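Data block for protein-v5.cif (mmCIF, C-alpha atoms):
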```cif
data_entry
loop_
_atom_site.label_atom_id
_atom_site.label_comp_id
_atom_site.auth_asym_id
_atom_site.auth_seq_id
_atom_site.Cartn_x
_atom_site.Cartn_y
_atom_site.Cartn_z
CA MET A 1 96.27 35.40 42.41
CA GLY A 2 95.68 37.78 45.31
CA GLU A 3 95.99 41.53 44.75
CA MET A 4 99.16 41.67 46.86
CA GLU A 5 100.77 38.94 44.78
CA GLN A 6 99.81 40.74 41.55
CA LEU A 7 101.29 44.00 42.80
CA ARG A 8 104.50 42.24 43.86
CA LYS A 9 104.89 40.76 40.38
CA GLU A 10 104.20 44.16 38.80
CA ALA A 11 106.83 45.79 41.03
CA GLU A 12 109.43 43.15 40.10
CA SER A 13 108.64 43.60 36.43
CA LEU A 14 108.98 47.38 36.67
CA LYS A 15 112.33 47.04 38.46
CA ASP A 16 113.56 44.77 35.65
CA GLN A 17 112.35 47.27 33.05
CA ILE A 18 114.27 50.07 34.82
CA ILE A 19 117.45 47.95 34.71
CA VAL A 20 116.95 47.39 30.96
CA ALA A 21 116.21 51.10 30.41
CA ARG A 22 119.43 52.05 32.25
CA LYS A 23 121.47 49.68 30.08
CA GLY A 24 120.09 51.39 26.99
CA PHE A 25 121.67 54.68 28.01
CA ALA A 26 125.01 53.30 29.22
CA ASP A 27 127.12 53.83 26.11
CA THR A 28 130.26 54.76 28.01
CA THR A 29 131.78 54.50 31.46
CA LEU A 30 133.50 57.11 33.61
CA GLN A 31 136.69 55.01 33.47
CA GLU A 32 136.68 55.18 29.66
CA ALA A 33 136.01 58.92 29.67
CA VAL A 34 139.01 59.65 31.92
CA ALA A 35 141.38 56.98 30.61
CA GLY A 36 143.78 59.70 29.44
CA THR A 37 143.49 61.83 32.60
CA ALA A 38 146.27 61.73 35.18
CA VAL A 39 145.51 61.17 38.86
CA VAL A 40 145.86 64.39 40.87
CA SER A 41 149.04 64.64 42.89
CA ARG A 42 149.04 63.94 46.61
CA VAL A 43 146.74 66.29 48.55
CA GLN A 44 148.04 67.32 51.95
CA LEU A 45 145.79 69.40 54.16
CA LYS A 46 146.91 70.57 57.59
CA THR A 47 144.90 71.16 60.73
CA ARG A 48 144.68 74.95 61.03
CA LYS A 49 142.30 75.18 63.99
CA THR A 50 140.94 72.84 66.63
CA LEU A 51 137.55 73.82 68.02
CA ARG A 52 137.42 72.74 71.65
CA GLY A 53 134.42 73.02 73.92
CA HIS A 54 132.11 70.07 73.47
CA LEU A 55 132.22 67.58 76.35
CA ALA A 56 131.01 64.49 74.52
CA LYS A 57 130.81 62.90 71.06
CA ILE A 58 130.12 65.27 68.20
CA TYR A 59 127.47 63.84 65.90
CA ALA A 60 127.01 66.55 63.29
CA MET A 61 128.30 69.81 61.89
CA HIS A 62 127.19 72.15 59.12
CA TRP A 63 128.90 75.20 57.61
CA GLY A 64 126.93 78.44 57.44
CA ALA A 65 126.53 80.12 54.05
CA GLY A 66 128.85 82.88 55.26
CA LEU A 67 132.34 81.58 54.83
CA THR A 68 133.66 81.08 58.33
CA GLN A 69 130.87 80.12 60.75
CA CYS A 70 129.59 76.64 61.41
CA VAL A 71 127.27 74.87 63.86
CA SER A 72 128.02 71.59 65.64
CA ALA A 73 125.88 69.23 67.74
CA SER A 74 127.10 66.98 70.52
CA GLN A 75 125.55 64.52 72.90
CA ASP A 76 126.74 66.79 75.71
CA GLY A 77 123.38 68.42 74.92
CA LYS A 78 124.74 71.52 73.22
CA LEU A 79 124.52 73.15 69.82
CA ILE A 80 127.53 75.45 69.33
CA VAL A 81 127.84 78.11 66.63
CA TRP A 82 131.55 78.72 66.00
CA ASP A 83 133.56 81.50 64.44
CA THR A 84 136.13 79.14 62.97
CA LEU A 85 138.72 81.89 62.38
CA SER A 86 139.00 82.90 66.03
CA THR A 87 137.70 79.55 67.40
CA ASN A 88 135.29 81.60 69.54
CA LYS A 89 131.86 80.27 70.38
CA VAL A 90 129.31 82.69 68.96
CA ASN A 91 126.41 80.80 70.58
CA ALA A 92 126.27 77.82 72.95
CA ILE A 93 122.67 76.61 72.89
CA PRO A 94 121.54 74.13 75.57
CA LEU A 95 119.18 71.49 74.18
CA LYS A 96 116.11 69.98 75.84
CA SER A 97 117.19 66.54 74.67
CA SER A 98 120.88 65.69 74.68
CA TRP A 99 120.43 62.76 72.26
CA VAL A 100 121.06 64.91 69.23
CA MET A 101 122.04 63.30 65.91
CA THR A 102 121.94 66.14 63.41
CA CYS A 103 122.18 69.91 63.03
CA ALA A 104 121.77 72.40 60.21
CA TYR A 105 122.51 76.05 59.47
CA ALA A 106 119.95 77.97 57.37
CA PRO A 107 121.38 79.55 54.19
CA SER A 108 120.28 82.95 55.51
CA GLY A 109 122.32 82.53 58.70
CA ASN A 110 119.27 83.40 60.81
CA LEU A 111 118.28 79.92 61.98
CA VAL A 112 119.81 76.65 63.12
CA ALA A 113 118.04 73.33 63.62
CA CYS A 114 118.74 70.04 65.34
CA GLY A 115 117.09 66.78 66.33
CA GLY A 116 117.74 63.19 67.34
CA LEU A 117 116.23 60.52 69.56
CA ASP A 118 113.47 62.93 70.60
CA ASN A 119 112.00 62.33 67.08
CA MET A 120 111.63 66.11 66.68
CA CYS A 121 113.33 68.84 64.70
CA SER A 122 113.84 71.95 66.83
CA ILE A 123 114.36 75.29 65.09
CA TYR A 124 116.30 78.05 66.89
CA ASN A 125 116.34 81.74 65.95
CA LEU A 126 119.88 83.12 66.22
CA LYS A 127 118.80 86.68 65.52
CA GLY A 128 116.10 87.12 68.16
CA LYS A 129 115.33 90.64 69.40
CA ASP A 130 116.74 90.36 72.91
CA GLY A 131 119.84 88.48 71.83
CA ASN A 132 118.82 85.23 73.53
CA VAL A 133 118.65 82.18 71.33
CA LYS A 134 115.32 80.43 71.86
CA VAL A 135 113.41 77.53 70.36
CA MET A 136 111.26 78.95 67.60
CA ARG A 137 109.44 75.76 66.54
CA GLU A 138 109.39 72.11 67.44
CA LEU A 139 108.48 70.01 64.41
CA ALA A 140 107.04 66.79 65.78
CA SER A 141 105.36 64.00 63.86
CA HIS A 142 108.11 61.57 62.90
CA THR A 143 107.67 58.24 64.66
CA GLY A 144 111.39 57.54 64.63
CA TYR A 145 114.67 59.32 65.38
CA LEU A 146 115.68 62.39 63.41
CA SER A 147 118.82 61.41 61.48
CA CYS A 148 119.31 64.55 59.38
CA CYS A 149 117.76 67.94 58.61
CA ARG A 150 118.50 70.58 55.97
CA PHE A 151 116.92 74.02 55.41
CA VAL A 152 115.42 74.83 52.03
CA SER A 153 114.85 78.43 53.21
CA ASP A 154 113.95 80.21 56.48
CA SER A 155 110.39 78.92 56.04
CA GLU A 156 110.97 75.33 54.94
CA ILE A 157 113.11 72.47 56.21
CA ILE A 158 113.46 68.82 55.18
CA THR A 159 114.02 66.08 57.75
CA SER A 160 114.95 62.40 57.42
CA SER A 161 114.01 59.84 60.04
CA GLY A 162 114.43 56.33 61.40
CA ASP A 163 110.72 55.92 60.60
CA CYS A 164 111.81 55.47 56.91
CA THR A 165 110.30 58.75 55.71
CA CYS A 166 111.48 62.26 54.92
CA ILE A 167 109.26 65.28 55.54
CA LEU A 168 109.15 68.80 54.07
CA TRP A 169 107.92 71.14 56.82
CA ASP A 170 106.38 74.61 56.87
CA ILE A 171 108.38 76.16 59.72
CA GLU A 172 105.95 79.06 60.24
CA THR A 173 102.95 76.81 60.98
CA GLY A 174 104.98 73.86 62.25
CA THR A 175 103.12 71.47 59.95
CA GLU A 176 104.08 68.83 57.38
CA LYS A 177 103.80 69.98 53.75
CA THR A 178 104.88 66.73 52.10
CA ILE A 179 105.76 63.26 53.35
CA PHE A 180 108.28 61.38 51.18
CA ALA A 181 107.68 57.68 51.76
CA GLY A 182 109.22 54.79 49.85
CA HIS A 183 112.43 53.79 51.62
CA LEU A 184 112.26 50.32 53.20
CA GLY A 185 114.73 51.10 55.97
CA ASP A 186 115.73 53.95 58.32
CA CYS A 187 116.60 57.13 56.41
CA MET A 188 120.10 58.06 57.55
CA SER A 189 120.94 61.30 55.76
CA LEU A 190 119.79 63.80 53.20
CA GLY A 191 121.13 66.50 50.91
CA VAL A 192 119.40 69.40 49.15
CA ALA A 193 120.21 70.23 45.52
CA PRO A 194 122.17 73.42 44.75
CA ASP A 195 119.02 74.78 43.01
CA PHE A 196 116.80 73.78 45.99
CA LYS A 197 114.33 72.00 43.67
CA SER A 198 115.13 68.46 44.72
CA PHE A 199 116.74 66.46 47.49
CA ILE A 200 118.37 63.07 48.01
CA SER A 201 118.12 60.57 50.86
CA GLY A 202 120.27 57.59 51.87
CA ALA A 203 118.79 54.74 53.89
CA CYS A 204 119.30 51.40 55.63
CA ASP A 205 117.61 49.67 52.68
CA TYR A 206 121.01 50.10 50.92
CA THR A 207 119.58 52.61 48.43
CA ALA A 208 119.61 56.34 47.77
CA LYS A 209 116.53 58.11 46.40
CA HIS A 210 116.22 61.39 44.50
CA TRP A 211 113.00 63.34 45.15
CA ASP A 212 111.27 66.35 43.56
CA ILE A 213 110.56 68.74 46.47
CA ARG A 214 107.44 70.31 44.92
CA ASP A 215 105.53 67.32 43.53
CA GLY A 216 106.74 64.82 46.15
CA ASN A 217 107.72 62.15 43.63
CA CYS A 218 110.75 59.92 43.79
CA THR A 219 112.48 60.23 40.42
CA HIS A 220 115.41 57.82 40.93
CA THR A 221 116.22 54.90 43.22
CA LEU A 222 119.96 54.21 43.21
CA SER A 223 121.13 50.75 44.28
CA GLY A 224 124.49 49.04 44.40
CA HIS A 225 125.59 49.41 47.99
CA GLU A 226 125.78 46.25 50.06
CA SER A 227 124.90 47.86 53.37
CA ASP A 228 123.34 50.94 54.96
CA VAL A 229 123.87 54.24 53.14
CA ASN A 230 124.98 56.52 56.00
CA ALA A 231 126.15 59.56 54.08
CA ILE A 232 124.90 61.33 51.02
CA GLY A 233 125.62 64.54 49.16
CA PHE A 234 124.96 66.19 45.83
CA PHE A 235 127.84 66.52 43.42
CA PRO A 236 128.49 70.31 43.24
CA ASN A 237 126.75 70.82 39.87
CA GLY A 238 123.59 69.04 41.04
CA ASN A 239 123.81 66.29 38.39
CA GLY A 240 125.47 63.62 40.49
CA ILE A 241 124.95 61.89 43.82
CA LEU A 242 127.72 60.81 46.17
CA THR A 243 126.96 58.12 48.74
CA GLY A 244 128.91 56.57 51.61
CA SER A 245 128.03 53.22 53.17
CA ASP A 246 128.70 50.72 55.94
CA ASP A 247 129.98 48.49 53.10
CA ALA A 248 133.21 50.60 53.31
CA THR A 249 132.71 52.19 49.89
CA CYS A 250 131.54 55.47 48.43
CA LYS A 251 129.80 55.66 45.07
CA LEU A 252 129.10 58.31 42.47
CA TYR A 253 125.80 58.10 40.57
CA ASP A 254 124.86 60.17 37.51
CA LEU A 255 121.26 61.48 37.65
CA ARG A 256 120.92 62.39 33.95
CA SER A 257 121.73 58.93 32.61
CA ASP A 258 120.53 57.14 35.78
CA GLN A 259 123.76 55.13 36.14
CA GLU A 260 126.13 54.13 38.89
CA LEU A 261 129.40 55.66 37.61
CA ILE A 262 132.14 54.55 39.97
CA THR A 263 132.94 53.05 43.38
CA TYR A 264 135.58 54.46 45.72
CA GLN A 265 137.04 51.46 47.50
CA ASP A 266 140.31 49.99 48.62
CA ALA A 267 141.09 46.51 49.94
CA THR A 268 142.72 48.06 53.01
CA ILE A 269 139.59 49.97 53.98
CA MET A 270 137.22 47.70 55.84
CA CYS A 271 135.21 50.07 58.00
CA GLY A 272 132.08 52.05 57.30
CA VAL A 273 131.85 55.52 55.79
CA THR A 274 130.18 57.97 58.17
CA SER A 275 130.20 61.23 56.21
CA LEU A 276 131.33 62.81 52.97
CA ALA A 277 131.82 66.12 51.18
CA PRO A 278 133.07 67.01 47.71
CA SER A 279 135.66 69.75 47.16
CA LEU A 280 134.59 72.91 45.30
CA SER A 281 135.20 71.53 41.80
CA GLY A 282 134.08 68.02 42.68
CA ARG A 283 137.47 66.65 41.66
CA LEU A 284 138.13 65.53 45.24
CA LEU A 285 135.84 63.51 47.49
CA LEU A 286 136.56 63.76 51.22
CA ALA A 287 135.03 60.90 53.22
CA GLY A 288 135.07 60.24 56.96
CA TYR A 289 135.37 56.66 58.20
CA ASP A 290 134.87 54.65 61.40
CA ASP A 291 138.68 54.11 61.63
CA PHE A 292 139.16 57.75 62.77
CA ASN A 293 140.46 58.95 59.37
CA VAL A 294 139.25 60.98 56.43
CA ASN A 295 140.31 59.66 53.04
CA ILE A 296 140.65 62.05 50.12
CA TRP A 297 139.75 60.47 46.77
CA ASP A 298 140.41 61.65 43.23
CA ALA A 299 136.73 61.54 42.22
CA LEU A 300 137.46 60.90 38.54
CA LYS A 301 140.15 58.23 38.90
CA ALA A 302 138.84 56.60 42.12
CA GLU A 303 142.28 56.58 43.72
CA ARG A 304 143.12 57.68 47.23
CA VAL A 305 145.26 60.83 47.10
CA GLY A 306 145.36 61.90 50.71
CA VAL A 307 144.45 61.21 54.31
CA LEU A 308 143.41 63.53 57.15
CA ALA A 309 144.61 61.85 60.31
CA GLY A 310 144.26 63.73 63.56
CA HIS A 311 141.18 62.60 65.39
CA ASP A 312 141.31 60.10 68.25
CA ASN A 313 137.94 58.60 67.53
CA ARG A 314 135.41 58.11 64.73
CA VAL A 315 135.00 61.02 62.29
CA SER A 316 131.23 61.50 62.42
CA CYS A 317 130.77 64.53 60.19
CA ILE A 318 132.57 66.53 57.55
CA GLY A 319 131.85 69.62 55.49
CA VAL A 320 133.60 71.85 52.96
CA SER A 321 132.93 75.59 53.22
CA SER A 322 130.95 77.16 50.38
CA ASP A 323 133.99 78.80 48.77
CA GLY A 324 135.96 75.56 49.01
CA MET A 325 138.66 77.13 51.17
CA ALA A 326 138.37 74.86 54.20
CA CYS A 327 137.16 71.49 55.36
CA CYS A 328 135.75 70.92 58.85
CA THR A 329 135.68 67.50 60.54
CA GLY A 330 133.79 66.60 63.71
CA SER A 331 134.55 63.53 65.79
CA TRP A 332 133.48 61.33 68.65
CA ASP A 333 136.68 62.61 70.31
CA SER A 334 134.64 65.83 71.01
CA PHE A 335 136.75 68.09 68.77
CA LEU A 336 136.20 69.79 65.45
CA LYS A 337 139.15 70.49 63.22
CA ILE A 338 139.52 72.94 60.35
CA TRP A 339 141.81 71.76 57.54
CA ASN A 340 143.22 73.30 54.39
CA MET B 341 113.86 45.83 56.06
CA ASP B 342 110.16 46.44 56.35
CA GLU B 343 107.45 44.49 54.54
CA LEU B 344 104.87 46.65 52.76
CA ASP B 345 101.11 46.48 53.30
CA LEU B 346 98.60 46.75 50.44
CA PRO B 347 98.30 50.58 50.21
CA GLN B 348 102.10 50.92 50.49
CA MET B 349 102.58 48.30 47.76
CA LYS B 350 100.22 50.23 45.47
CA LYS B 351 102.24 53.41 46.09
CA GLU B 352 105.49 51.52 45.42
CA VAL B 353 104.17 50.31 42.03
CA GLU B 354 103.06 53.88 41.14
CA SER B 355 106.48 55.20 42.14
CA LEU B 356 108.28 52.58 40.05
CA LYS B 357 106.16 53.52 37.00
CA TYR B 358 107.15 57.15 37.54
CA GLN B 359 110.83 56.26 37.94
CA LEU B 360 110.73 54.09 34.79
CA ALA B 361 109.36 57.07 32.82
CA PHE B 362 112.32 59.32 33.67
CA LYS B 363 113.85 60.84 30.52
CA ARG B 364 117.34 59.34 30.66
CA GLU B 365 120.18 60.79 28.56
CA LYS B 366 123.05 58.83 27.03
CA SER B 367 125.99 58.52 29.42
CA SER B 368 128.38 59.39 26.56
CA LYS B 369 126.89 62.90 26.76
CA THR B 370 126.31 63.18 30.50
CA VAL B 371 129.66 61.74 31.59
CA THR B 372 131.50 63.96 29.10
CA ASP B 373 129.63 66.97 30.50
CA LEU B 374 130.44 65.94 34.09
CA VAL B 375 134.15 65.49 33.40
CA LYS B 376 134.29 68.83 31.56
CA TRP B 377 132.48 70.60 34.43
CA ILE B 378 135.01 69.24 36.91
CA GLU B 379 138.04 70.03 34.78
CA ASP B 380 136.79 73.58 34.17
CA GLY B 381 136.46 74.06 37.95
CA VAL B 382 139.78 72.53 39.02
CA PRO B 383 141.84 75.75 38.54
CA ASP B 384 139.55 77.49 41.08
CA ASP B 385 139.56 74.63 43.61
CA PRO B 386 141.59 75.78 46.65
CA PHE B 387 142.47 72.21 47.66
CA LEU B 388 144.13 71.63 44.29
CA ASN B 389 145.90 74.98 43.85
CA PRO B 390 148.33 76.13 46.56
CA GLU B 391 148.46 79.67 45.04
CA LEU B 392 144.78 80.14 45.91
CA MET B 393 145.68 79.43 49.53
CA LYS B 394 148.29 82.20 49.75
CA ASN B 395 145.89 84.37 51.73
CA ASN B 396 144.63 81.61 53.97
CA PRO B 397 142.39 83.26 56.60
CA TRP B 398 142.93 80.31 58.99
CA VAL B 399 146.69 80.78 59.12
CA GLU B 400 148.10 83.34 61.54
CA LYS B 401 149.73 86.18 59.60
CA GLY B 402 152.10 87.46 62.27
CA LYS B 403 153.11 86.11 65.62
CA CYS B 404 151.93 89.02 67.81
CA VAL B 405 148.85 91.20 67.87
CA ILE B 406 148.87 94.78 69.14
CA LEU B 407 145.97 95.08 71.59
#
```

Can you turn what I pasted into structure tokens?
Amino acid sequence: MGEMEQLRKEAESLKDQIIVARKGFADTTLQEAVAGTAVVSRVQLKTRKTLRGHLAKIYAMHWGAGLTQCVSASQDGKLIVWDTLSTNKVNAIPLKSSWVMTCAYAPSGNLVACGGLDNMCSIYNLKGKDGNVKVMRELASHTGYLSCCRFVSDSEIITSSGDCTCILWDIETGTEKTIFAGHLGDCMSLGVAPDFKSFISGACDYTAKHWDIRDGNCTHTLSGHESDVNAIGFFPNGNGILTGSDDATCKLYDLRSDQELITYQDATIMCGVTSLAPSLSGRLLLAGYDDFNVNIWDALKAERVGVLAGHDNRVSCIGVSSDGMACCTGSWDSFLKIWN
Amino acid sequence: MDELDLPQMKKEVESLKYQLAFKREKSSKTVTDLVKWIEDGVPDDPFLNPELMKNNPWVEKGKCVIL
């Protein structure tokens, strides 16, 4: 038997052992645990603001850690930092490459980042001395498009790419600290844990992976989806993973027991999930779909309890502010909307 | 999906060994904890409690502003 064949057999055996190990810890289901819990009553959120200004499809948005500012990226070649209360544009940053697919706001509020078909992650300093917003660093070494980026701090950022890897970068030196390889398909999105010690990635190999930021190891591979995992996010307490897929479903996975807990699906929903965000308590899951809507799910009972309908094209991104007071949606119709 | 070459396959096997070794906890404990965490947080979740939205910064307070 060749070495490759031996390794393949070993890998298959290990995967089977993981399945057996998981079964050993599955002594209850989420459905059983909430059998006596009532579904939440209908959730109706209204559009409070519409942020107008982009001239083309919006691909990404991210709330700042302060409670009312957010950044959005559009293929009109602009990154816009918004004051969502006044709807004013705090910054309108022209990009070198208009094929942007992601943007991120640093927790400090000092930096924003973006990237896309240029395969690079560009970091911008919002608090430069002369007031002009300039490119601070260009992080280039991915061999595929940049699908997502998220700051760990002002000095570190994690990127996910169509080259199937994620990278932890040192922003100061512009170099790669750690390469996270293992996905067998394009990495589509990532999320950083509330304690900043780990991150999760969703990919076109239909899986999500959980990684330790410091030692570079993958601790969990979560399967179950039947198509690309486009959207991913940590459950607010850091112990769960929410995923959204082209298979028209979202799933909740539990990291501590290494189980798939529940699937959010409905026979009437047949289009892909593009984005997702949990509410503050995690009781609600807001998910954006290709059919221009956002569905609000009772996360415990897996029933739809609301819809946000207002965009005239695909909802490409969604985020809930850090105090849970508002949800922002971005769409291919070029508008962002604030809902609560 | 990509096919792996020999060095990548070796890394994949190492990763699977590491993932197998993860210290799993019983779901009866972890799911109970998760449900409790959510239920404890629900009273503070603005989307589930209209009273928390009384002072909604995104809603205009009055019709006119004195400049």

Give the residues of chain A that lie within 7 Å of chain B; count all atoms listed in the file, and format the answer as a PyMOL selection string.
chain A and resi 4+7+10-11+14+18+25-28+30+33+48+85+182+184-185+205+218-220+256-258+280-283+324-325+340

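Picture a line from atom CA of Trp63 of chain A to atom CA of Gly319 of chain A; it runs 6.7 Å.
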
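For the pair atom CA of Lys197 of chain A and atom CA of Ala299 of chain A, the separation is 24.8 Å.
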
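Interatomic distance, atom CA of Gly2 of chain A to atom CA of His183 of chain A: 24.0 Å.
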
Given the PyMOL selection byres ((chain A and resi 164) around 7), the residues it picks as an NGL selection string:
:A and (161-163 or 165 or 181 or 183-187)

Let me know the residues the PyMOL selection byres ((chain A and resi 136-143) around 8) catches in the file above, as a PyMOL selection string.
chain A and resi 119-125+134-135+144-146+161-163+169+171-172+174-175

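The shortest atom-to-atom distance to Ala104 of chain A, with only C-alpha atoms taken into account, belongs to A:Cys149 out of A:Cys149, A:Val43, A:Leu252, A:Ala309.
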
When distances are computed from all atoms listed in the file, which of A:Met270, A:Ile19, A:Val40, A:Cys70 shows the smallest separation from Ile296 of chain A?
A:Val40

Expansion of the PyMOL selection byres ((chain A and resi 89-97) around 6) into residues, as an NGL selection string:
:A and (77-82 or 88 or 98-99)

Contact residues around segment 300-302 of chain A with only C-alpha atoms at 9 Å, ignoring same-chain residues under 2 positions, as an MDAnalysis selection string
(chainID A and resid 30:31 34:35 37:40 262:265 282:284 297:298 304) or (chainID B and resid 375 378)

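Residues in contact with Ser86 of chain A at 10 Å, where only C-alpha atoms are counted and same-chain residues fewer than 6 positions away are skipped, are listed as Lys49, Leu51 and Thr68 of chain A; Trp398 of chain B.
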
Segment 238-240 of chain A environment, 7 Å, all atoms listed in the file, sequence neighbours closer than 2 positions dropped, as a ChimeraX atom specification:
/A:193-194,234-236,242,252-256

Could you rebuild segment 359-370 of chain B with N, CA, C and O atoms and give me the result as a PDB file, in the coordinates of the input?
```pdb
ATOM      1  N   GLN B 359     109.367  56.319  38.083  1.00  0.00           N
ATOM      2  CA  GLN B 359     110.830  56.260  37.940  1.00  0.00           C
ATOM      3  C   GLN B 359     111.218  55.674  36.583  1.00  0.00           C
ATOM      4  O   GLN B 359     112.199  56.094  35.976  1.00  0.00           O
ATOM      5  N   LEU B 360     110.441  54.700  36.097  1.00  0.00           N
ATOM      6  CA  LEU B 360     110.730  54.090  34.790  1.00  0.00           C
ATOM      7  C   LEU B 360     110.611  55.147  33.696  1.00  0.00           C
ATOM      8  O   LEU B 360     111.381  55.161  32.749  1.00  0.00           O
ATOM      9  N   ALA B 361     109.656  56.072  33.844  1.00  0.00           N
ATOM     10  CA  ALA B 361     109.360  57.070  32.820  1.00  0.00           C
ATOM     11  C   ALA B 361     110.388  58.188  32.748  1.00  0.00           C
ATOM     12  O   ALA B 361     110.338  59.018  31.849  1.00  0.00           O
ATOM     13  N   PHE B 362     111.336  58.239  33.660  1.00  0.00           N
ATOM     14  CA  PHE B 362     112.320  59.320  33.670  1.00  0.00           C
ATOM     15  C   PHE B 362     113.052  59.401  32.335  1.00  0.00           C
ATOM     16  O   PHE B 362     113.428  58.390  31.747  1.00  0.00           O
ATOM     17  N   LYS B 363     113.233  60.647  31.839  1.00  0.00           N
ATOM     18  CA  LYS B 363     113.850  60.840  30.520  1.00  0.00           C
ATOM     19  C   LYS B 363     115.383  60.756  30.647  1.00  0.00           C
ATOM     20  O   LYS B 363     116.052  61.774  30.855  1.00  0.00           O
ATOM     21  N   ARG B 364     115.904  59.544  30.514  1.00  0.00           N
ATOM     22  CA  ARG B 364     117.340  59.340  30.660  1.00  0.00           C
ATOM     23  C   ARG B 364     118.069  59.891  29.443  1.00  0.00           C
ATOM     24  O   ARG B 364     117.539  59.910  28.324  1.00  0.00           O
ATOM     25  N   GLU B 365     119.329  60.350  29.670  1.00  0.00           N
ATOM     26  CA  GLU B 365     120.180  60.790  28.560  1.00  0.00           C
ATOM     27  C   GLU B 365     121.335  59.823  28.437  1.00  0.00           C
ATOM     28  O   GLU B 365     121.710  59.165  29.397  1.00  0.00           O
ATOM     29  N   LYS B 366     121.928  59.748  27.259  1.00  0.00           N
ATOM     30  CA  LYS B 366     123.050  58.830  27.030  1.00  0.00           C
ATOM     31  C   LYS B 366     124.229  59.215  27.910  1.00  0.00           C
ATOM     32  O   LYS B 366     124.564  60.403  28.006  1.00  0.00           O
ATOM     33  N   SER B 367     124.876  58.220  28.513  1.00  0.00           N
ATOM     34  CA  SER B 367     125.990  58.520  29.420  1.00  0.00           C
ATOM     35  C   SER B 367     127.174  59.097  28.647  1.00  0.00           C
ATOM     36  O   SER B 367     127.980  59.830  29.227  1.00  0.00           O
ATOM     37  N   SER B 368     127.274  58.808  27.327  1.00  0.00           N
ATOM     38  CA  SER B 368     128.380  59.390  26.560  1.00  0.00           C
ATOM     39  C   SER B 368     128.287  60.912  26.618  1.00  0.00           C
ATOM     40  O   SER B 368     129.291  61.614  26.666  1.00  0.00           O
ATOM     41  N   LYS B 369     127.060  61.447  26.655  1.00  0.00           N
ATOM     42  CA  LYS B 369     126.890  62.900  26.760  1.00  0.00           C
ATOM     43  C   LYS B 369     127.050  63.353  28.209  1.00  0.00           C
ATOM     44  O   LYS B 369     127.810  64.271  28.506  1.00  0.00           O
ATOM     45  N   THR B 370     126.351  62.682  29.127  1.00  0.00           N
ATOM     46  CA  THR B 370     126.310  63.180  30.500  1.00  0.00           C
ATOM     47  C   THR B 370     127.651  63.045  31.208  1.00  0.00           C
ATOM     48  O   THR B 370     128.045  63.925  31.978  1.00  0.00           O
TER      49      THR B 370
END
```
